[in-house]
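Comments concern the structure below.
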Amino acid sequence: MQLSADRRDALKAAEFAALMDGLGPFETQPLVAVAVSGGADSLATALLLREWVAGRGGGVLGLVVDHGLRAESAAEADLTLRRLAGIGIPAEKLTLTDLARGPSLAERARLSRHRVLEAECARRGILHLVFGHHAGDQAETVAMRLLAGSAEAGLAGMAALVETLSVRRLRPLLAIPPERLRATLRAAGIDWVEDPSNRDPSQQRARLRALRSDPAGDGLATRALVLSAQARGVARARREAEIAEELAQNVAIYPHGYAHLRQSRLSPEALAALVGMISGANFPVSVERLRDLAADLRPGTLAGAQLVPAGRYGPGLLMVREPAACEGAVPAREAVLWDGRWRLSTAVPEGCDVGCWGDDTPRLREILPMIIARCLPVLRRNGVLLTKYPAVLHEFVFSPARSAASAPFFPLPGSI
């Protein structure tokens, strides 16, 4: 995949098919959803996907999220639905109701969009969710992470493929300049919405875009940042595979939400991956904070997790959730994720809460160490315990926000 002399021409169907093939395999008649904001990038992606699925006997669904942050957002979402209908793409509008202006708005909005998009895909049985992020977006992501002092893994930028519990997030266009996507729409006679937030100087991404002085997204600065992300992505994928192998050889992970470390040392990256999983952290744990401990594992508390002697489990240490750091009780709504680690997997009566077992654990002393049992999830209604061991593993699934060893980072395939 090259940014060649035709880097401002419309993207051809064969080129897009090659990009998608690099993210396979796909089922015989693939069903694909595409997140469509109404801007040129996502509309062009939807148009290209329409042709791609048609050649494979599949289907595409546009998902349009109304974020509700501007008075015009609902009307823009409706206009986008009409434009998608005009090119033969069925679409659904999803409305966010939990966003409010304030700190970290961009990050909160992104997480909310992903939540509703993936929930709709799961509801419809769609495995593939495609985003229209392009080379300019990738360059800005790397620049933002450079300014934030990100480690090497973060400087790999966005992955071309991310596997979640419910969908595969696909970004096939990370090497494609945005001007080619606009050219694709112009060639098809399709207009698009320009989001004013893309030029809002209060937004870091907009400031970086202006500084880049590269509106077509095909200049040297963009190409250098995308190439850098690709090289770092390849290195990150290799290192993540090594960490997964290290964990497989030295650590046993149990469905009750704890791990048995059989050796006296791990690499700092492997230890950080374990801490992130056991603590339910939303963000990566600092490797630097764990470097000394990783070289000589010993009991202690670290970032919401604890290392304790393995006791009945034999030599080594157990990594368990720190009881004092457990989340408080939350309403037991469908598929709720409690403590960043436990997902409710069954229907429950109205008026239930999810919380930790806590002081109701004495009866489990002969089954599990108390420090593990205290942090297990349970259902209560009006303070009355409803969960009976071992039913906890039928009512809840250990589903941490960060896996210790998920699929390795998927860098941009091919060359730029």
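Residue numbers start at 1 in each chain; chains themselves are named A, B, ... in the order of the structure tokens; ligands are numbered from 1 in the order shown.
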Asp66 in chain A surroundings by only C-alpha atoms, 12 Å radius, close-in-sequence under 6 positions cut, as a PyMOL selection string: chain A and resi 35-38+72-81+92-99+109+112-113+116-117
Write the residues of the preceding selection, restricted to C-alpha atoms, as a tab-separated table (two decimals), in the first residue's frame.
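Output saved as part_25.tsv:
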```
chain	number	residue	atom	x	y	z
A	35	ALA	CA	-19.28	4.09	11.75
A	36	VAL	CA	-20.42	7.13	9.75
A	37	SER	CA	-20.13	10.61	11.22
A	38	GLY	CA	-21.27	12.29	8.02
A	72	GLU	CA	-27.08	20.85	14.78
A	73	SER	CA	-25.97	17.28	15.57
A	74	ALA	CA	-29.40	15.62	15.26
A	75	ALA	CA	-30.12	17.31	11.91
A	76	GLU	CA	-26.63	16.37	10.64
A	77	ALA	CA	-27.20	12.76	11.68
A	78	ASP	CA	-30.53	12.70	9.84
A	79	LEU	CA	-28.91	14.22	6.74
A	80	THR	CA	-26.24	11.52	6.87
A	81	LEU	CA	-28.93	8.83	7.07
A	92	GLU	CA	-29.33	3.28	11.99
A	93	LYS	CA	-29.06	6.37	14.17
A	94	LEU	CA	-27.69	5.86	17.68
A	95	THR	CA	-28.11	8.71	20.17
A	96	LEU	CA	-25.75	9.40	23.09
A	97	THR	CA	-27.52	10.65	26.20
A	98	ASP	CA	-24.73	10.58	28.77
A	99	LEU	CA	-22.29	13.17	27.38
A	109	ALA	CA	-17.10	10.89	23.64
A	112	SER	CA	-19.31	6.39	24.52
A	113	ARG	CA	-19.37	6.07	20.71
A	116	VAL	CA	-23.06	2.16	21.55
A	117	LEU	CA	-21.56	1.09	18.22
```
ask   = Can you list, as a ChimeraX atom specification, every protein, DNA or RNA residue that comes within 9 Å of range 156-172 of chain A when you count only C-alpha atoms, leaving out same-chain residues fewer than 6 positions away?
value = /A:16,19-20,22-23,118-119,121-122,125-134,137-142,145,226,228-236,399,406-413
Cut-off 6 Å: closest range 85-189 of chain A/range 40-47 of chain A atom pairs per residue, using only C-alpha atoms, as a tab-separated table:
```
residue	atom	partner	partner_atom	distance
A:Gly132	CA	A:Ser42	CA	4.7
A:Leu181	CA	A:Ala44	CA	5.6
A:Arg182	CA	A:Ala40	CA	5.8
A:Leu185	CA	A:Ala44	CA	5.9
```
Please identify which residues in range 18-246 of chain A DSSP calls helix (DSSP H, G or I) from the backbone, and express them as a CSV table (one decimal) with C-alpha atoms, in the first residue's frame.
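Saved file selection-v3.csv follows:
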```csv
chain,number,residue,atom,x,y,z
A,18,ALA,CA,-6.5,-5.3,-1.1
A,19,LEU,CA,-6.6,-3.2,2.1
A,20,MET,CA,-9.6,-5.2,3.5
A,21,ASP,CA,-8.0,-8.5,2.5
A,40,ALA,CA,-15.9,12.8,4.0
A,41,ASP,CA,-13.7,10.1,5.5
A,42,SER,CA,-16.5,7.9,7.0
A,43,LEU,CA,-18.9,8.5,4.0
A,44,ALA,CA,-16.2,7.4,1.6
A,45,THR,CA,-15.5,4.4,3.7
A,46,ALA,CA,-19.1,3.4,3.6
A,47,LEU,CA,-19.2,3.9,-0.2
A,48,LEU,CA,-16.1,1.7,-0.7
A,49,LEU,CA,-17.5,-0.9,1.7
A,50,ARG,CA,-20.8,-1.0,-0.3
A,51,GLU,CA,-18.9,-2.2,-3.4
A,52,TRP,CA,-16.7,-4.5,-1.4
A,53,VAL,CA,-19.5,-6.5,0.3
A,54,ALA,CA,-21.6,-6.5,-3.0
A,73,SER,CA,-26.0,17.3,15.6
A,74,ALA,CA,-29.4,15.6,15.3
A,75,ALA,CA,-30.1,17.3,11.9
A,76,GLU,CA,-26.6,16.4,10.6
A,77,ALA,CA,-27.2,12.8,11.7
A,78,ASP,CA,-30.5,12.7,9.8
A,79,LEU,CA,-28.9,14.2,6.7
A,80,THR,CA,-26.2,11.5,6.9
A,81,LEU,CA,-28.9,8.8,7.1
A,82,ARG,CA,-30.5,10.3,3.9
A,83,ARG,CA,-27.2,10.4,2.1
A,84,LEU,CA,-26.5,6.7,3.0
A,85,ALA,CA,-30.0,5.7,1.8
A,86,GLY,CA,-29.3,7.6,-1.4
A,105,LEU,CA,-14.6,15.4,26.6
A,106,ALA,CA,-13.0,14.0,23.5
A,107,GLU,CA,-11.9,10.8,25.3
A,108,ARG,CA,-15.3,10.4,27.0
A,109,ALA,CA,-17.1,10.9,23.6
A,110,ARG,CA,-14.9,8.3,21.9
A,111,LEU,CA,-15.6,5.7,24.6
A,112,SER,CA,-19.3,6.4,24.5
A,113,ARG,CA,-19.4,6.1,20.7
A,114,HIS,CA,-17.5,2.8,20.8
A,115,ARG,CA,-19.9,1.5,23.5
A,116,VAL,CA,-23.1,2.2,21.6
A,117,LEU,CA,-21.6,1.1,18.2
A,118,GLU,CA,-20.4,-2.2,19.6
A,119,ALA,CA,-23.6,-2.9,21.4
A,120,GLU,CA,-25.6,-2.4,18.2
A,121,CYS,CA,-23.2,-4.7,16.3
A,122,ALA,CA,-23.6,-7.3,19.0
A,123,ARG,CA,-27.4,-6.9,18.9
A,124,ARG,CA,-27.4,-7.5,15.2
A,135,ALA,CA,-3.1,8.6,7.3
A,136,GLY,CA,-3.8,12.1,8.6
A,137,ASP,CA,-5.6,10.7,11.7
A,138,GLN,CA,-2.7,8.3,12.3
A,139,ALA,CA,-0.1,11.1,12.0
A,140,GLU,CA,-2.0,13.2,14.5
A,141,THR,CA,-2.4,10.3,16.9
A,142,VAL,CA,1.4,9.7,16.9
A,143,ALA,CA,2.1,13.4,17.3
A,144,MET,CA,-0.3,13.7,20.3
A,145,ARG,CA,1.4,10.7,21.9
A,146,LEU,CA,4.8,12.1,21.3
A,147,LEU,CA,3.8,15.3,23.0
A,154,GLY,CA,1.9,4.0,22.2
A,155,LEU,CA,3.9,5.5,19.4
A,156,ALA,CA,2.7,2.6,17.2
A,178,PRO,CA,-7.7,12.1,3.4
A,179,GLU,CA,-7.6,13.9,0.0
A,180,ARG,CA,-8.1,10.5,-1.7
A,181,LEU,CA,-11.3,9.9,0.3
A,182,ARG,CA,-12.6,13.3,-0.7
A,183,ALA,CA,-11.7,12.6,-4.3
A,184,THR,CA,-13.7,9.3,-4.0
A,185,LEU,CA,-16.8,11.2,-3.0
A,186,ARG,CA,-16.4,13.9,-5.6
A,187,ALA,CA,-16.1,11.2,-8.3
A,188,ALA,CA,-19.4,9.7,-7.1
A,196,PRO,CA,-16.6,22.6,12.9
A,197,SER,CA,-14.8,20.8,15.8
A,198,ASN,CA,-12.2,19.8,13.3
A,199,ARG,CA,-11.1,23.4,13.1
A,204,GLN,CA,-5.3,19.5,20.4
A,205,ARG,CA,-6.0,17.4,17.3
A,206,ALA,CA,-7.2,20.4,15.4
A,207,ARG,CA,-4.2,22.4,16.4
A,208,LEU,CA,-1.8,19.7,15.3
A,209,ARG,CA,-3.7,19.5,11.9
A,210,ALA,CA,-3.2,23.2,11.4
A,211,LEU,CA,0.5,23.0,12.3
A,212,ARG,CA,1.0,20.2,9.9
A,220,LEU,CA,6.4,14.5,4.1
A,221,ALA,CA,5.4,15.1,7.7
A,222,THR,CA,2.4,12.9,7.5
A,223,ARG,CA,4.2,10.2,5.6
A,224,ALA,CA,7.1,10.2,8.1
A,225,LEU,CA,4.8,9.8,11.1
A,226,VAL,CA,2.8,7.0,9.5
A,227,LEU,CA,6.0,5.2,8.5
A,228,SER,CA,7.2,5.6,12.1
A,229,ALA,CA,4.0,4.2,13.4
A,230,GLN,CA,4.2,1.2,11.1
A,231,ALA,CA,7.8,0.4,12.2
A,232,ARG,CA,6.9,0.7,15.8
A,233,GLY,CA,3.7,-1.3,15.3
A,234,VAL,CA,5.8,-4.2,13.9
A,235,ALA,CA,8.1,-4.1,16.9
A,236,ARG,CA,5.1,-3.8,19.3
A,237,ALA,CA,3.4,-6.9,17.8
A,238,ARG,CA,6.7,-8.9,18.1
A,239,ARG,CA,7.1,-7.9,21.7
A,240,GLU,CA,3.5,-8.6,22.7
A,241,ALA,CA,3.8,-12.1,21.2
A,242,GLU,CA,6.9,-12.6,23.4
A,243,ILE,CA,5.1,-11.4,26.5
A,244,ALA,CA,2.2,-13.8,25.8
A,245,GLU,CA,4.7,-16.7,25.6
A,246,GLU,CA,6.4,-15.6,28.8
```
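The coordinates place CA of Thr387 in chain A at 26.5 Å from CA of Val308 in chain A.
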